[in-house]
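Peer 1: Structure provided below as structure tokens; questions to follow.
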Amino acid sequence: MDERIRIQRLNFPRGLSQPVGGHRFSVDALLLAAFAGLRAKDRRGLDLGTGCGVVGLALLLSQGREDLHITGLDSDPGMLRHAWINAERLGFQRQFEIQNDDVTSYAPENTPPYDFVSCNPPWREPGRGRQSPGLDKARARHEGPAGLVDFAAASRRALKTRGRFFLVHLPERLPEILAVCSGHGLAPKRLRLVHGHAQARAKVLLLEAVKAGGPGLAVEPPLLLYSGPERGAALTPEALAFCPFLQCNRASTKE
């Protein structure tokens, strides 16, 4: 392996190409990649709304399998340029491809169905929460033309039967998320809530659903990111064991 590639992989997620002044990935993307435990038979994955490619590239790094291929789909050509730069820097040109397409119109007609789909969609409904300056940040944080329903529908179209759907989102929207997934043939199977610390409300949910799956939802133990509420508190051993990529950025991941 080229020494530059080896160093880039060791330093991941530091050094990723991202837009200056635009939307930048955060901890939730790394948590989603850590949550999406893949099976040995999983060969093909789709990352919807891939942005700079962080989720798909994290999966390739963590799996360490040359037979795994991931497509990163995004409607923003600028973000896809960053995703491809990152794939090249990490030496994943043969395993990571980009696709410029819109979630609302995505139709994988000539593509074999995917084994899994990962999805980190905009979390906020229009008009809810703090409004972001800049169009790209606003699109990344607030639903626009493509909302939760569109991401679920696109995932259903892309997945093979019994294929898995991995989602990171806001806990406050859990009832809606469960209803949307079930309404699109994605049976919720595994749920984990992420808390900043032991005294904090959950800030992130991680969900696995299965296309045409049976009933039964397993709620996993909560994940605590920090040892306490004070600024600069250490990441917990559980958080680092769950997502080793947090170790590289432990001085700057707290939000």
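Ligands are numbered from 1 in the order shown, residues from 1 within each chain, and chains are lettered A, B, ... in the order they appear in the structure tokens.
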Among range 1-237 of chain A, which residues carry a DSSP assignment of helix (DSSP H, G or I), reported as a ChimeraX atom specification?

Peer 2: /A:3-11,27-35,54-63,77-89,135-141,148-158,171-183,237

Peer 1: Within 12 Å of Lys203 in chain A, counting only C-alpha atoms, which residues show up once you throw out same-chain ones fewer than 6 positions away? Write them as a list in words, please.

Peer 2: Val27, Asp28, Trp123, Val168, His169, Leu170, Pro171, Glu172, Arg173, Leu174, Arg192, Leu193, Val194, His195, Gly196, His197, Pro222, Leu223, Leu224, Leu225 and Glu255 of chain A

Peer 1: What is the distance between CA of Arg94 in chain A and CA of Val210 in chain A, in Å to one decimal?

Peer 2: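 These atoms are spaced 27.5 Å apart.
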
Peer 1: Here is a test: counting only C-alpha atoms, which residue of A:Gln18, A:Gly64, A:Thr50, A:Gly147 is nearest to Asp101 in chain A?

Peer 2: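 Closest candidate: A:Thr50.
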
Peer 1: Between A:Arg156, A:Arg164, A:Lys41, A:Arg4, which one has atoms that come closest to Asp67 in chain A, using only C-alpha atoms?

Peer 2: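 Under the stated criterion, the closest residue is A:Lys41.
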
Peer 1: Would you mind telling me which residue in A:Leu159, A:Phe245, A:Pro221, A:Ile7 lies nearest to Val54 in chain A when using only C-alpha atoms?

Peer 2: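 Under the stated criterion, the closest residue is A:Phe245.
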
Peer 1: When you count only C-alpha atoms, which of these residues is closest to Ile70 in chain A: A:Ala58, A:Ala241, A:Leu178, A:Leu235?

Peer 2: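 Distance minimum relative to Ile70 in chain A lands on A:Ala58.
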
Peer 1: Compile the contact shell of Arg157 in chain A as a PyMOL selection string: residues with an atom at most 12 Å away, counting only C-alpha atoms, same-chain residues fewer than 3 positions apart removed.

Peer 2: chain A and resi 46+103-117+150-154+160-161+163+165+184-186+211-212

Peer 1: Based on DSSP run over this structure's backbone, return all residues of range 15-159 of chain A in strand (DSSP E), as an MDAnalysis selection string.

Peer 2: chainID A and resid 44:48 69:74 96:100 114:119 159

Peer 1: For the residues in that selection, give me N, CA, C and O atoms as a PDB file, in the first residue's frame.

Peer 2:
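Heads up, here's the output in part.pdb:
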ATOM      1  N   ARG A  44     -22.716  -5.308  -1.705  1.00  0.00           N
ATOM      2  CA  ARG A  44     -23.032  -4.044  -2.358  1.00  0.00           C
ATOM      3  C   ARG A  44     -23.879  -3.168  -1.440  1.00  0.00           C
ATOM      4  O   ARG A  44     -24.889  -3.612  -0.899  1.00  0.00           O
ATOM      5  N   GLY A  45     -23.449  -1.920  -1.298  1.00  0.00           N
ATOM      6  CA  GLY A  45     -24.173  -0.988  -0.457  1.00  0.00           C
ATOM      7  C   GLY A  45     -24.389   0.332  -1.157  1.00  0.00           C
ATOM      8  O   GLY A  45     -23.642   0.711  -2.069  1.00  0.00           O
ATOM      9  N   LEU A  46     -25.425   1.042  -0.730  1.00  0.00           N
ATOM     10  CA  LEU A  46     -25.764   2.356  -1.263  1.00  0.00           C
ATOM     11  C   LEU A  46     -25.826   3.333  -0.107  1.00  0.00           C
ATOM     12  O   LEU A  46     -26.509   3.088   0.893  1.00  0.00           O
ATOM     13  N   ASP A  47     -25.110   4.459  -0.228  1.00  0.00           N
ATOM     14  CA  ASP A  47     -25.151   5.508   0.789  1.00  0.00           C
ATOM     15  C   ASP A  47     -25.914   6.693   0.210  1.00  0.00           C
ATOM     16  O   ASP A  47     -25.402   7.410  -0.658  1.00  0.00           O
ATOM     17  N   LEU A  48     -27.154   6.884   0.671  1.00  0.00           N
ATOM     18  CA  LEU A  48     -28.010   7.940   0.149  1.00  0.00           C
ATOM     19  C   LEU A  48     -27.655   9.275   0.783  1.00  0.00           C
ATOM     20  O   LEU A  48     -27.546   9.373   2.007  1.00  0.00           O
ATOM     21  N   HIS A  69     -18.345  -3.207  -2.139  1.00  0.00           N
ATOM     22  CA  HIS A  69     -18.438  -2.038  -3.009  1.00  0.00           C
ATOM     23  C   HIS A  69     -19.604  -1.161  -2.563  1.00  0.00           C
ATOM     24  O   HIS A  69     -20.697  -1.665  -2.275  1.00  0.00           O
ATOM     25  N   ILE A  70     -19.374   0.137  -2.508  1.00  0.00           N
ATOM     26  CA  ILE A  70     -20.393   1.074  -2.045  1.00  0.00           C
ATOM     27  C   ILE A  70     -20.554   2.197  -3.057  1.00  0.00           C
ATOM     28  O   ILE A  70     -19.563   2.730  -3.576  1.00  0.00           O
ATOM     29  N   THR A  71     -21.796   2.542  -3.335  1.00  0.00           N
ATOM     30  CA  THR A  71     -22.130   3.671  -4.198  1.00  0.00           C
ATOM     31  C   THR A  71     -22.603   4.824  -3.332  1.00  0.00           C
ATOM     32  O   THR A  71     -23.514   4.654  -2.508  1.00  0.00           O
ATOM     33  N   GLY A  72     -21.995   5.974  -3.512  1.00  0.00           N
ATOM     34  CA  GLY A  72     -22.416   7.173  -2.804  1.00  0.00           C
ATOM     35  C   GLY A  72     -23.258   8.033  -3.727  1.00  0.00           C
ATOM     36  O   GLY A  72     -22.772   8.508  -4.759  1.00  0.00           O
ATOM     37  N   LEU A  73     -24.529   8.230  -3.373  1.00  0.00           N
ATOM     38  CA  LEU A  73     -25.455   8.988  -4.206  1.00  0.00           C
ATOM     39  C   LEU A  73     -25.746  10.339  -3.572  1.00  0.00           C
ATOM     40  O   LEU A  73     -26.019  10.440  -2.375  1.00  0.00           O
ATOM     41  N   ASP A  74     -25.691  11.386  -4.392  1.00  0.00           N
ATOM     42  CA  ASP A  74     -25.999  12.728  -3.902  1.00  0.00           C
ATOM     43  C   ASP A  74     -26.448  13.585  -5.083  1.00  0.00           C
ATOM     44  O   ASP A  74     -26.013  13.362  -6.227  1.00  0.00           O
ATOM     45  N   PHE A  96     -15.426   2.329  -4.249  1.00  0.00           N
ATOM     46  CA  PHE A  96     -16.374   3.404  -3.968  1.00  0.00           C
ATOM     47  C   PHE A  96     -16.641   4.171  -5.256  1.00  0.00           C
ATOM     48  O   PHE A  96     -15.714   4.650  -5.903  1.00  0.00           O
ATOM     49  N   GLU A  97     -17.896   4.239  -5.630  1.00  0.00           N
ATOM     50  CA  GLU A  97     -18.251   5.006  -6.820  1.00  0.00           C
ATOM     51  C   GLU A  97     -19.278   6.066  -6.443  1.00  0.00           C
ATOM     52  O   GLU A  97     -19.978   5.933  -5.427  1.00  0.00           O
ATOM     53  N   ILE A  98     -19.344   7.112  -7.242  1.00  0.00           N
ATOM     54  CA  ILE A  98     -20.276   8.191  -6.968  1.00  0.00           C
ATOM     55  C   ILE A  98     -21.354   8.215  -8.039  1.00  0.00           C
ATOM     56  O   ILE A  98     -21.126   7.812  -9.180  1.00  0.00           O
ATOM     57  N   GLN A  99     -22.527   8.675  -7.621  1.00  0.00           N
ATOM     58  CA  GLN A  99     -23.655   8.767  -8.545  1.00  0.00           C
ATOM     59  C   GLN A  99     -24.390  10.066  -8.282  1.00  0.00           C
ATOM     60  O   GLN A  99     -24.868  10.306  -7.174  1.00  0.00           O
ATOM     61  N   ASN A 100     -24.489  10.899  -9.299  1.00  0.00           N
ATOM     62  CA  ASN A 100     -25.199  12.173  -9.189  1.00  0.00           C
ATOM     63  C   ASN A 100     -26.672  11.935  -9.524  1.00  0.00           C
ATOM     64  O   ASN A 100     -27.039  11.773 -10.686  1.00  0.00           O
ATOM     65  N   TYR A 114     -29.419  -3.770  -3.897  1.00  0.00           N
ATOM     66  CA  TYR A 114     -28.347  -3.620  -2.918  1.00  0.00           C
ATOM     67  C   TYR A 114     -28.602  -4.471  -1.672  1.00  0.00           C
ATOM     68  O   TYR A 114     -29.748  -4.722  -1.286  1.00  0.00           O
ATOM     69  N   ASP A 115     -27.506  -4.871  -1.035  1.00  0.00           N
ATOM     70  CA  ASP A 115     -27.595  -5.626   0.218  1.00  0.00           C
ATOM     71  C   ASP A 115     -27.960  -4.721   1.393  1.00  0.00           C
ATOM     72  O   ASP A 115     -28.614  -5.156   2.338  1.00  0.00           O
ATOM     73  N   PHE A 116     -27.519  -3.472   1.334  1.00  0.00           N
ATOM     74  CA  PHE A 116     -27.833  -2.540   2.419  1.00  0.00           C
ATOM     75  C   PHE A 116     -27.826  -1.115   1.898  1.00  0.00           C
ATOM     76  O   PHE A 116     -27.220  -0.802   0.868  1.00  0.00           O
ATOM     77  N   VAL A 117     -28.524  -0.262   2.624  1.00  0.00           N
ATOM     78  CA  VAL A 117     -28.555   1.173   2.354  1.00  0.00           C
ATOM     79  C   VAL A 117     -28.267   1.899   3.669  1.00  0.00           C
ATOM     80  O   VAL A 117     -28.850   1.568   4.702  1.00  0.00           O
ATOM     81  N   SER A 118     -27.378   2.870   3.617  1.00  0.00           N
ATOM     82  CA  SER A 118     -27.149   3.744   4.769  1.00  0.00           C
ATOM     83  C   SER A 118     -27.698   5.129   4.427  1.00  0.00           C
ATOM     84  O   SER A 118     -27.685   5.539   3.274  1.00  0.00           O
ATOM     85  N   CYS A 119     -28.147   5.835   5.449  1.00  0.00           N
ATOM     86  CA  CYS A 119     -28.882   7.059   5.183  1.00  0.00           C
ATOM     87  C   CYS A 119     -28.748   8.024   6.361  1.00  0.00           C
ATOM     88  O   CYS A 119     -29.119   7.694   7.485  1.00  0.00           O
ATOM     89  N   LEU A 159     -33.201  -1.713  -2.316  1.00  0.00           N
ATOM     90  CA  LEU A 159     -32.822  -2.903  -1.552  1.00  0.00           C
ATOM     91  C   LEU A 159     -33.381  -4.195  -2.127  1.00  0.00           C
ATOM     92  O   LEU A 159     -34.481  -4.234  -2.676  1.00  0.00           O
TER      93      LEU A 159
END

Peer 1: When you count only C-alpha atoms, which of these residues is closest to Leu30 in chain A: A:Thr236, A:Ser62, A:Gln8, A:Ser182?

Peer 2: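 Answer, going by the shortest atom-to-atom distance: A:Ser62.
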
Peer 1: Can you measure CA of Ser227 in chain A to CA of Leu240 in chain A for me? One decimal in Å is fine.

Peer 2: 11.7 Å
